[in-house]
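Engineer: I have a structure here, written as structure tokens, and I will follow up with some questions on it.
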Amino acid sequence: MSEHEPVLSVQDLRVDFSIGGAFVPALEGVSFDVARGETLAVVGESGSGKTITSLALMNLLGARGARRQGRAILHRASGPVDLLAQSERAMCDIRGAEIAMIFQEPMTSLNPVQTVGDQICEAIILHEKCKRKEALERAGDLVALVRMPDPKRQLRAYPHQLSGGMRQRVMIAMALSCSPRLLIADEPTTALDVTIQAQILWLLRELQEKLDMGMIFVTHDLGVVNQVASRVCVMYSGQIVEQGPVRQVFDTPSHPYTRGLIRSIPRGRSAARLYALPGRVPPIAARPRGCLFAPRCQHALDGLCTTERPAPVEVAPGHAARCKRLDHLPAFERAPADVA
Ligand SMILES: Nc1ncnc2c1ncn2[C@@H]1O[C@H](COP(=O)(O)OP(=O)(O)OP(=O)(O)O)[C@@H](O)[C@H]1O
Ligand code: SF4
Ligand SMILES: [Mg+2]
């Protein structure tokens, strides 16, 4: 548990999807905490379960036959509430007032035939139940808060008239319209070029501090984690295989998967990767027995690693990894920096 006031505590979250008449596990016991004013990064390759985790918390999995188990305690001003035990009606209120989510591609979440001003106003009216005049004023404040230049002109624009970075700022403004205690940002910068990505990361960090929100920042790019987060969860195949303070996980990664991800971050002046983690995350219906990472792990031992899922082992206070061979792994060595 974080030393600050917790805003969300996820305990043993499990999600199964009904496939061909049987439940197949997609998330297998995900647990983490987010404190107020803290950013937790959730990182992992494509298919590792990052979005399923976010959608399960928001009750937005949509797919009929998705089964959720576990607890996700949101600490509200009025008292704690288990997000997994709420009716859809109650979740509508919670989503409006306490938790907001922003997605990777704003174009799919914005209405192309409505001005962004109208869309922000609608979000405000929905959450604050206020009159249009007040909503317009607040929309102007929000657009200024997310640092959009010339707010009046931007509010009159349609989504296609804005750049990708500006559209993402509109999405952030809409998410903030309910003054959430928790913001879930699912790959909010991956569709943007590097300079704009840096600006949006900077903006999110600034807003999060200013508004004292908890933030879950989902990314497949370990390279951006230390720019935004103080703690990180590394996900693989529906489990958190390592979590801890960002500095510590980067300096002394314990799990072979985390080590592989860190080695594959481009280093030095060229953006070339010196190392690429071989293989890929298996589909949920084809997960191996035992350690989920075993088929890709150079340290796997038949029998030990291939019979049951490894439990999390604490390697330092607040830093844990799911690996059965932690005591036998060699010291971590980074690939040499690319100084070309
Ligand atoms: N409705 C569904 N039914 C069955 N399987 C699903 C469903 N939604 C997602 N999955 C599977 O769950 C796994 C995790 O998906 P998820 O979208 O959470 O990955 P992710 O980590 O967000 O990846 P990405 O970086 O590509 O966004 C994937 O194997 C995906 O195919
Ligand atoms: S438990 Fe075995 S297979 Fe899994 S990460 Fe550790 S060494 Fe590799
Ligand atoms: Mg995703």
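Residue numbering restarts at 1 in every chain; chains get A, B, ... in the order shown in the structure tokens, and ligands count up from 1 in that same order.
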Could you list, as a ChimeraX atom specification, all residues that come within 9 Å of ligand 1? Count only C-alpha atoms and all ligand atoms.

Structural biologist: /A:16-19,24-27,43-55,61-66,104,186-187,218-220,235-238,281-285

Engineer: Would you list the contacts of Glu28 of chain A as JSON, numbers by chain, taking every protein, DNA or RNA residue within 8 Å and counting only C-alpha atoms, but skipping same-chain residues closer than 4 positions in sequence?

Structural biologist: {"A": [12, 13, 14, 15, 238, 239]}

Engineer: What parts of segment 161-243 of chain A does DSSP call helix (DSSP H, G or I)? I'd like the answer as a PDB file with N, CA and C atoms, in the first residue's frame.

Structural biologist:
```
ATOM      1  N   GLN A 161     -10.834  19.079 -37.957  1.00  0.00           N
ATOM      2  CA  GLN A 161     -10.073  20.311 -38.206  1.00  0.00           C
ATOM      3  C   GLN A 161      -8.919  20.480 -37.221  1.00  0.00           C
ATOM      4  N   GLY A 164      -3.878  15.704 -34.274  1.00  0.00           N
ATOM      5  CA  GLY A 164      -4.005  14.578 -33.333  1.00  0.00           C
ATOM      6  C   GLY A 164      -3.757  15.010 -31.891  1.00  0.00           C
ATOM      7  N   GLY A 165      -2.742  15.858 -31.699  1.00  0.00           N
ATOM      8  CA  GLY A 165      -2.406  16.315 -30.348  1.00  0.00           C
ATOM      9  C   GLY A 165      -3.534  17.153 -29.752  1.00  0.00           C
ATOM     10  N   MET A 166      -4.131  18.020 -30.592  1.00  0.00           N
ATOM     11  CA  MET A 166      -5.235  18.873 -30.103  1.00  0.00           C
ATOM     12  C   MET A 166      -6.463  18.016 -29.792  1.00  0.00           C
ATOM     13  N   ARG A 167      -6.717  17.005 -30.629  1.00  0.00           N
ATOM     14  CA  ARG A 167      -7.871  16.118 -30.352  1.00  0.00           C
ATOM     15  C   ARG A 167      -7.675  15.404 -29.013  1.00  0.00           C
ATOM     16  N   GLN A 168      -6.419  14.988 -28.758  1.00  0.00           N
ATOM     17  CA  GLN A 168      -6.177  14.294 -27.480  1.00  0.00           C
ATOM     18  C   GLN A 168      -6.379  15.276 -26.326  1.00  0.00           C
ATOM     19  N   ARG A 169      -6.036  16.552 -26.539  1.00  0.00           N
ATOM     20  CA  ARG A 169      -6.285  17.552 -25.481  1.00  0.00           C
ATOM     21  C   ARG A 169      -7.781  17.716 -25.232  1.00  0.00           C
ATOM     22  N   VAL A 170      -8.575  17.637 -26.312  1.00  0.00           N
ATOM     23  CA  VAL A 170     -10.032  17.724 -26.145  1.00  0.00           C
ATOM     24  C   VAL A 170     -10.521  16.540 -25.294  1.00  0.00           C
ATOM     25  N   MET A 171     -10.009  15.353 -25.597  1.00  0.00           N
ATOM     26  CA  MET A 171     -10.416  14.165 -24.824  1.00  0.00           C
ATOM     27  C   MET A 171     -10.038  14.313 -23.354  1.00  0.00           C
ATOM     28  N   ILE A 172      -8.857  14.881 -23.115  1.00  0.00           N
ATOM     29  CA  ILE A 172      -8.418  15.070 -21.722  1.00  0.00           C
ATOM     30  C   ILE A 172      -9.344  16.081 -21.038  1.00  0.00           C
ATOM     31  N   ALA A 173      -9.691  17.163 -21.766  1.00  0.00           N
ATOM     32  CA  ALA A 173     -10.612  18.165 -21.201  1.00  0.00           C
ATOM     33  C   ALA A 173     -11.947  17.516 -20.845  1.00  0.00           C
ATOM     34  N   MET A 174     -12.473  16.659 -21.748  1.00  0.00           N
ATOM     35  CA  MET A 174     -13.754  15.998 -21.472  1.00  0.00           C
ATOM     36  C   MET A 174     -13.631  15.074 -20.261  1.00  0.00           C
ATOM     37  N   ALA A 175     -12.504  14.366 -20.169  1.00  0.00           N
ATOM     38  CA  ALA A 175     -12.302  13.459 -19.034  1.00  0.00           C
ATOM     39  C   ALA A 175     -12.250  14.235 -17.720  1.00  0.00           C
ATOM     40  N   LEU A 176     -11.655  15.438 -17.780  1.00  0.00           N
ATOM     41  CA  LEU A 176     -11.495  16.214 -16.547  1.00  0.00           C
ATOM     42  C   LEU A 176     -12.759  16.971 -16.162  1.00  0.00           C
ATOM     43  N   VAL A 194       6.533  11.919 -31.833  1.00  0.00           N
ATOM     44  CA  VAL A 194       7.320  11.973 -30.598  1.00  0.00           C
ATOM     45  C   VAL A 194       7.238  13.324 -29.872  1.00  0.00           C
ATOM     46  N   THR A 195       7.301  14.439 -30.620  1.00  0.00           N
ATOM     47  CA  THR A 195       7.283  15.753 -29.966  1.00  0.00           C
ATOM     48  C   THR A 195       5.942  16.001 -29.293  1.00  0.00           C
ATOM     49  N   ILE A 196       4.850  15.683 -30.015  1.00  0.00           N
ATOM     50  CA  ILE A 196       3.508  15.903 -29.456  1.00  0.00           C
ATOM     51  C   ILE A 196       3.298  14.959 -28.269  1.00  0.00           C
ATOM     52  N   GLN A 197       3.810  13.729 -28.400  1.00  0.00           N
ATOM     53  CA  GLN A 197       3.711  12.753 -27.312  1.00  0.00           C
ATOM     54  C   GLN A 197       4.321  13.324 -26.035  1.00  0.00           C
ATOM     55  N   ALA A 198       5.505  13.941 -26.176  1.00  0.00           N
ATOM     56  CA  ALA A 198       6.178  14.511 -25.005  1.00  0.00           C
ATOM     57  C   ALA A 198       5.332  15.630 -24.397  1.00  0.00           C
ATOM     58  N   GLN A 199       4.693  16.435 -25.256  1.00  0.00           N
ATOM     59  CA  GLN A 199       3.862  17.540 -24.737  1.00  0.00           C
ATOM     60  C   GLN A 199       2.648  17.005 -23.971  1.00  0.00           C
ATOM     61  N   ILE A 200       2.027  15.945 -24.503  1.00  0.00           N
ATOM     62  CA  ILE A 200       0.839  15.391 -23.832  1.00  0.00           C
ATOM     63  C   ILE A 200       1.243  14.725 -22.509  1.00  0.00           C
ATOM     64  N   LEU A 201       2.384  14.043 -22.511  1.00  0.00           N
ATOM     65  CA  LEU A 201       2.866  13.429 -21.258  1.00  0.00           C
ATOM     66  C   LEU A 201       3.093  14.509 -20.211  1.00  0.00           C
ATOM     67  N   TRP A 202       3.707  15.592 -20.645  1.00  0.00           N
ATOM     68  CA  TRP A 202       4.003  16.709 -19.743  1.00  0.00           C
ATOM     69  C   TRP A 202       2.696  17.286 -19.190  1.00  0.00           C
ATOM     70  N   LEU A 203       1.726  17.462 -20.103  1.00  0.00           N
ATOM     71  CA  LEU A 203       0.429  18.025 -19.703  1.00  0.00           C
ATOM     72  C   LEU A 203      -0.256  17.117 -18.677  1.00  0.00           C
ATOM     73  N   LEU A 204      -0.259  15.814 -18.950  1.00  0.00           N
ATOM     74  CA  LEU A 204      -0.935  14.888 -18.028  1.00  0.00           C
ATOM     75  C   LEU A 204      -0.297  14.934 -16.644  1.00  0.00           C
ATOM     76  N   ARG A 205       1.038  15.001 -16.651  1.00  0.00           N
ATOM     77  CA  ARG A 205       1.742  15.031 -15.360  1.00  0.00           C
ATOM     78  C   ARG A 205       1.407  16.316 -14.602  1.00  0.00           C
ATOM     79  N   GLU A 206       1.387  17.410 -15.342  1.00  0.00           N
ATOM     80  CA  GLU A 206       1.080  18.708 -14.722  1.00  0.00           C
ATOM     81  C   GLU A 206      -0.349  18.717 -14.148  1.00  0.00           C
ATOM     82  N   LEU A 207      -1.314  18.202 -14.944  1.00  0.00           N
ATOM     83  CA  LEU A 207      -2.709  18.208 -14.497  1.00  0.00           C
ATOM     84  C   LEU A 207      -2.905  17.299 -13.298  1.00  0.00           C
ATOM     85  N   GLN A 208      -2.231  16.163 -13.353  1.00  0.00           N
ATOM     86  CA  GLN A 208      -2.387  15.188 -12.284  1.00  0.00           C
ATOM     87  C   GLN A 208      -1.905  15.770 -10.954  1.00  0.00           C
ATOM     88  N   GLU A 209      -0.798  16.519 -11.002  1.00  0.00           N
ATOM     89  CA  GLU A 209      -0.283  17.153  -9.777  1.00  0.00           C
ATOM     90  C   GLU A 209      -1.220  18.265  -9.319  1.00  0.00           C
ATOM     91  N   LYS A 210      -1.638  19.085 -10.279  1.00  0.00           N
ATOM     92  CA  LYS A 210      -2.484  20.228  -9.967  1.00  0.00           C
ATOM     93  C   LYS A 210      -3.818  19.780  -9.369  1.00  0.00           C
ATOM     94  N   LEU A 211      -4.400  18.724  -9.935  1.00  0.00           N
ATOM     95  CA  LEU A 211      -5.735  18.295  -9.516  1.00  0.00           C
ATOM     96  C   LEU A 211      -5.677  17.196  -8.459  1.00  0.00           C
ATOM     97  N   LEU A 222       7.974   0.980 -22.372  1.00  0.00           N
ATOM     98  CA  LEU A 222       8.641   1.162 -21.080  1.00  0.00           C
ATOM     99  C   LEU A 222       9.466   2.457 -21.069  1.00  0.00           C
ATOM    100  N   GLY A 223       9.843   2.905 -22.283  1.00  0.00           N
ATOM    101  CA  GLY A 223      10.653   4.121 -22.399  1.00  0.00           C
ATOM    102  C   GLY A 223       9.970   5.363 -21.838  1.00  0.00           C
ATOM    103  N   VAL A 224       8.627   5.415 -21.830  1.00  0.00           N
ATOM    104  CA  VAL A 224       7.971   6.630 -21.326  1.00  0.00           C
ATOM    105  C   VAL A 224       7.606   6.525 -19.847  1.00  0.00           C
ATOM    106  N   VAL A 225       7.764   5.324 -19.284  1.00  0.00           N
ATOM    107  CA  VAL A 225       7.283   5.097 -17.914  1.00  0.00           C
ATOM    108  C   VAL A 225       7.941   6.034 -16.908  1.00  0.00           C
ATOM    109  N   ASN A 226       9.268   6.184 -16.999  1.00  0.00           N
ATOM    110  CA  ASN A 226       9.909   7.016 -15.963  1.00  0.00           C
ATOM    111  C   ASN A 226       9.681   8.509 -16.180  1.00  0.00           C
ATOM    112  N   GLN A 227       9.061   8.856 -17.317  1.00  0.00           N
ATOM    113  CA  GLN A 227       8.700  10.268 -17.506  1.00  0.00           C
ATOM    114  C   GLN A 227       7.397  10.614 -16.791  1.00  0.00           C
ATOM    115  N   VAL A 228       6.552   9.601 -16.530  1.00  0.00           N
ATOM    116  CA  VAL A 228       5.240   9.929 -15.958  1.00  0.00           C
ATOM    117  C   VAL A 228       4.953   9.312 -14.591  1.00  0.00           C
TER     118      VAL A 228
END
```

Engineer: Which residues, written as a list in words, have at least one atom at most 10 Å from Thr258 of chain A, with only C-alpha atoms counted and residues fewer than 3 positions away on the same chain left out?

Structural biologist: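 The contact residues come out as Val43, Gly44, Leu222, Cys233, Val234, Met235, Tyr236, Val241, Glu242, Gln243, Val249, Phe250, Thr252, Pro253, Ser254, His255, Leu261, Ile262, Arg263, Ser264 and Ala321 of chain A.
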
Engineer: Kindly save the residues from that selection, with N, CA and C atoms included, as a compact mmCIF listing (two decimals), in the first residue's frame.

Structural biologist:
```
# COMPACT_ATOMS: atom_id res chain seq x y z
N VAL A 43 2.49 -1.49 -17.86
CA VAL A 43 3.23 -1.66 -19.11
C VAL A 43 3.28 -3.13 -19.50
N GLY A 44 3.31 -3.39 -20.79
CA GLY A 44 3.42 -4.77 -21.28
C GLY A 44 3.19 -4.77 -22.77
N LEU A 222 7.97 0.98 -22.37
CA LEU A 222 8.64 1.16 -21.08
C LEU A 222 9.47 2.46 -21.07
N CYS A 233 3.61 -1.38 -12.90
CA CYS A 233 3.21 -2.79 -12.95
C CYS A 233 3.57 -3.31 -14.34
N VAL A 234 4.33 -4.39 -14.39
CA VAL A 234 4.67 -5.00 -15.67
C VAL A 234 3.71 -6.17 -15.90
N MET A 235 2.92 -6.09 -16.97
CA MET A 235 1.93 -7.15 -17.22
C MET A 235 2.40 -8.09 -18.30
N TYR A 236 2.09 -9.36 -18.10
CA TYR A 236 2.36 -10.34 -19.15
C TYR A 236 1.24 -11.37 -19.13
N VAL A 241 3.54 -9.44 -13.60
CA VAL A 241 4.68 -10.31 -13.29
C VAL A 241 5.72 -9.59 -12.44
N GLU A 242 5.69 -8.26 -12.45
CA GLU A 242 6.59 -7.51 -11.56
C GLU A 242 5.96 -6.16 -11.27
N GLN A 243 6.06 -5.70 -10.02
CA GLN A 243 5.64 -4.33 -9.73
C GLN A 243 6.50 -3.74 -8.64
N VAL A 249 12.68 -0.76 -10.26
CA VAL A 249 12.42 -1.77 -11.29
C VAL A 249 13.35 -1.55 -12.48
N PHE A 250 13.65 -0.30 -12.81
CA PHE A 250 14.58 -0.04 -13.91
C PHE A 250 16.01 -0.42 -13.55
N THR A 252 17.09 -2.49 -10.96
CA THR A 252 17.28 -3.89 -10.59
C THR A 252 16.04 -4.71 -10.96
N PRO A 253 15.76 -4.85 -12.27
CA PRO A 253 14.60 -5.64 -12.67
C PRO A 253 14.81 -7.10 -12.27
N SER A 254 13.75 -7.73 -11.75
CA SER A 254 13.90 -9.10 -11.25
C SER A 254 13.39 -10.13 -12.25
N HIS A 255 12.23 -9.86 -12.84
CA HIS A 255 11.61 -10.88 -13.70
C HIS A 255 12.28 -10.90 -15.07
N LEU A 261 12.24 -6.53 -21.58
CA LEU A 261 11.63 -5.25 -22.02
C LEU A 261 12.62 -4.11 -21.86
N ILE A 262 13.34 -4.10 -20.74
CA ILE A 262 14.29 -3.00 -20.50
C ILE A 262 15.43 -3.05 -21.52
N ARG A 263 15.89 -4.27 -21.81
CA ARG A 263 16.98 -4.38 -22.80
C ARG A 263 16.53 -3.93 -24.19
N SER A 264 15.22 -4.02 -24.44
CA SER A 264 14.77 -3.66 -25.80
C SER A 264 14.38 -2.18 -25.93
N ALA A 321 8.00 -9.86 -7.69
CA ALA A 321 8.05 -10.47 -9.02
C ALA A 321 7.52 -11.90 -8.94
```

Engineer: Go through A:Gly21, A:Pro188, A:Gly244, A:Pro6 one by one, measure the shortest atom-to-atom distance of each to ligand 3 using only C-alpha atoms and all ligand atoms, and give the residue with the smallest value.

Structural biologist: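 Nearest to ligand 3: A:Pro188.
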
Engineer: Tell me which protein, DNA and RNA residues are within 10 Å of segment 126-129 of chain A, counting only C-alpha atoms, leaving out same-chain ones fewer than 4 positions away, and put them as a PyMOL selection string.

Structural biologist: chain A and resi 93+95-97+120-122+134-135+177-179

Engineer: Next, the residues of the selection above should be written as a short mmCIF file (atom, residue, chain, number, x, y, z; two decimals), in the first residue's frame with N, CA, C and O atoms.

Structural biologist:
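Heads up, here's the output in result_11.cif:
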```cif
data_model
loop_
_atom_site.label_atom_id
_atom_site.label_comp_id
_atom_site.auth_asym_id
_atom_site.auth_seq_id
_atom_site.Cartn_x
_atom_site.Cartn_y
_atom_site.Cartn_z
N ASP A 93 -23.05 6.60 -12.68
CA ASP A 93 -22.80 7.75 -11.82
C ASP A 93 -21.32 7.83 -11.43
O ASP A 93 -20.73 8.92 -11.41
N ARG A 95 -18.73 6.59 -13.04
CA ARG A 95 -17.93 6.98 -14.21
C ARG A 95 -18.07 8.48 -14.48
O ARG A 95 -17.14 9.13 -14.89
N GLY A 96 -19.26 9.00 -14.22
CA GLY A 96 -19.44 10.44 -14.46
C GLY A 96 -18.72 11.29 -13.44
O GLY A 96 -18.22 12.36 -13.76
N ALA A 97 -18.67 10.82 -12.20
CA ALA A 97 -18.25 11.71 -11.13
C ALA A 97 -16.88 11.39 -10.53
O ALA A 97 -16.25 12.27 -9.96
N ILE A 120 -17.70 19.03 -25.44
CA ILE A 120 -17.21 19.26 -24.06
C ILE A 120 -18.38 19.73 -23.19
O ILE A 120 -18.56 19.28 -22.06
N CYS A 121 -19.22 20.63 -23.75
CA CYS A 121 -20.39 21.14 -23.00
C CYS A 121 -21.32 19.98 -22.60
O CYS A 121 -21.81 19.93 -21.47
N GLU A 122 -21.57 19.08 -23.56
CA GLU A 122 -22.46 17.95 -23.24
C GLU A 122 -21.91 17.13 -22.09
O GLU A 122 -22.65 16.71 -21.20
N GLU A 134 -23.45 28.08 -18.18
CA GLU A 134 -22.38 27.71 -17.22
C GLU A 134 -21.43 26.70 -17.85
O GLU A 134 -20.21 26.77 -17.67
N ALA A 135 -22.03 25.74 -18.59
CA ALA A 135 -21.21 24.69 -19.22
C ALA A 135 -20.23 25.30 -20.22
O ALA A 135 -19.06 24.91 -20.28
N SER A 177 -13.77 16.95 -17.06
CA SER A 177 -14.97 17.76 -16.80
C SER A 177 -15.69 17.31 -15.54
O SER A 177 -16.47 18.04 -14.97
N CYS A 178 -15.46 16.07 -15.09
CA CYS A 178 -16.13 15.62 -13.87
C CYS A 178 -15.18 15.69 -12.66
O CYS A 178 -15.50 15.14 -11.61
N SER A 179 -14.02 16.36 -12.81
CA SER A 179 -13.03 16.42 -11.72
C SER A 179 -12.82 15.04 -11.09
O SER A 179 -13.10 14.84 -9.91
#
```

Engineer: Which residues come within 6 Å of Ala41 of chain A, counting only C-alpha atoms, excluding same-chain residues fewer than 6 positions away, as a PyMOL selection string?

Structural biologist: chain A and resi 216-218+229+232

Engineer: Excluding Met213 of chain A and its own-chain neighbours fewer than 4 positions away, which residues fall within 8 Å of it when counting only C-alpha atoms? Please give them as a list in words.

Structural biologist: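 In the requested form, the answer reads Arg36, Gly37, Glu38, Pro180, Arg181, Leu182, Leu183, Gln208 and Glu209 of chain A.
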
Engineer: Which residues of chain A have any atom within 8 Å of an atom in ligand 2 when counting only C-alpha atoms and all ligand atoms, and what is the closest pair of atoms for each, with the distance in Å to one decimal? Order the rows by chain and rising number and write it as CSV.

Structural biologist:
```
residue,atom,partner,partner_atom_place_in_ligand_line,distance
A:His255,CA,ligand 2,5 (S),5.9
A:Pro256,CA,ligand 2,5 (S),5.3
A:Tyr257,CA,ligand 2,5 (S),6.7
A:Gly290,CA,ligand 2,4 (Fe),7.8
A:Cys291,CA,ligand 2,4 (Fe),4.6
A:Leu292,CA,ligand 2,4 (Fe),6.7
A:Phe293,CA,ligand 2,4 (Fe),5.2
A:Ala294,CA,ligand 2,3 (S),3.5
A:Pro295,CA,ligand 2,3 (S),7.1
A:Arg296,CA,ligand 2,3 (S),7.6
A:Cys297,CA,ligand 2,8 (Fe),4.7
A:Gln298,CA,ligand 2,8 (Fe),6.7
A:His299,CA,ligand 2,7 (S),4.6
A:Ala300,CA,ligand 2,3 (S),3.8
A:Leu301,CA,ligand 2,2 (Fe),6.0
A:Leu304,CA,ligand 2,2 (Fe),7.0
A:Cys305,CA,ligand 2,2 (Fe),4.3
A:Thr306,CA,ligand 2,3 (S),7.3
A:Arg309,CA,ligand 2,1 (S),7.9
A:Pro310,CA,ligand 2,1 (S),6.0
A:Arg322,CA,ligand 2,1 (S),6.9
A:Cys323,CA,ligand 2,6 (Fe),3.7
A:Lys324,CA,ligand 2,1 (S),4.2
A:Arg325,CA,ligand 2,7 (S),4.9
A:Leu326,CA,ligand 2,6 (Fe),6.7
A:Leu329,CA,ligand 2,7 (S),7.5
```

Engineer: A:Met107, A:Leu136, A:Ile240, A:Ile124: which is nearest Val10 of chain A, counting only C-alpha atoms?

Structural biologist: A:Ile240

Engineer: Grab the atom CA of Pro151 of chain A to atom CA of Ser109 of chain A distance for me, in Å with one decimal place.

Structural biologist: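 Computing the Euclidean distance for atom CA of Pro151 of chain A and atom CA of Ser109 of chain A yields 20.5 Å.
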
Engineer: Could you tell me, as a VMD selection string, which residues of segment 31-264 of chain A DSSP assigns to strand (DSSP E) when given the backbone?

Structural biologist: chain A and resid 31 to 35 39 to 43 66 to 76 79 to 82 99 to 102 182 to 186 214 to 219 231 to 236 239 to 245

Engineer: Point out the residue among A:Met215, A:Leu40, A:Ala35, A:Ala185 with the least atom-to-atom distance to ligand 3, counting only C-alpha atoms and all ligand atoms.

Structural biologist: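 The closest residue to ligand 3 is A:Ala185.
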
Engineer: Given only C-alpha atoms as the basis, pick out the residue of A:Glu5, A:Asp141, A:Asp193, A:Asp251 nearest to Gly117 of chain A.

Structural biologist: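 Smallest separation from Gly117 of chain A among the options: A:Asp141.
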
Engineer: Within 8 Å of Asn59 of chain A, counting only C-alpha atoms, which residues qualify if same-chain residues fewer than 5 places away don't, as number ranges by chain?

Structural biologist: A: 83-84, 88, 91
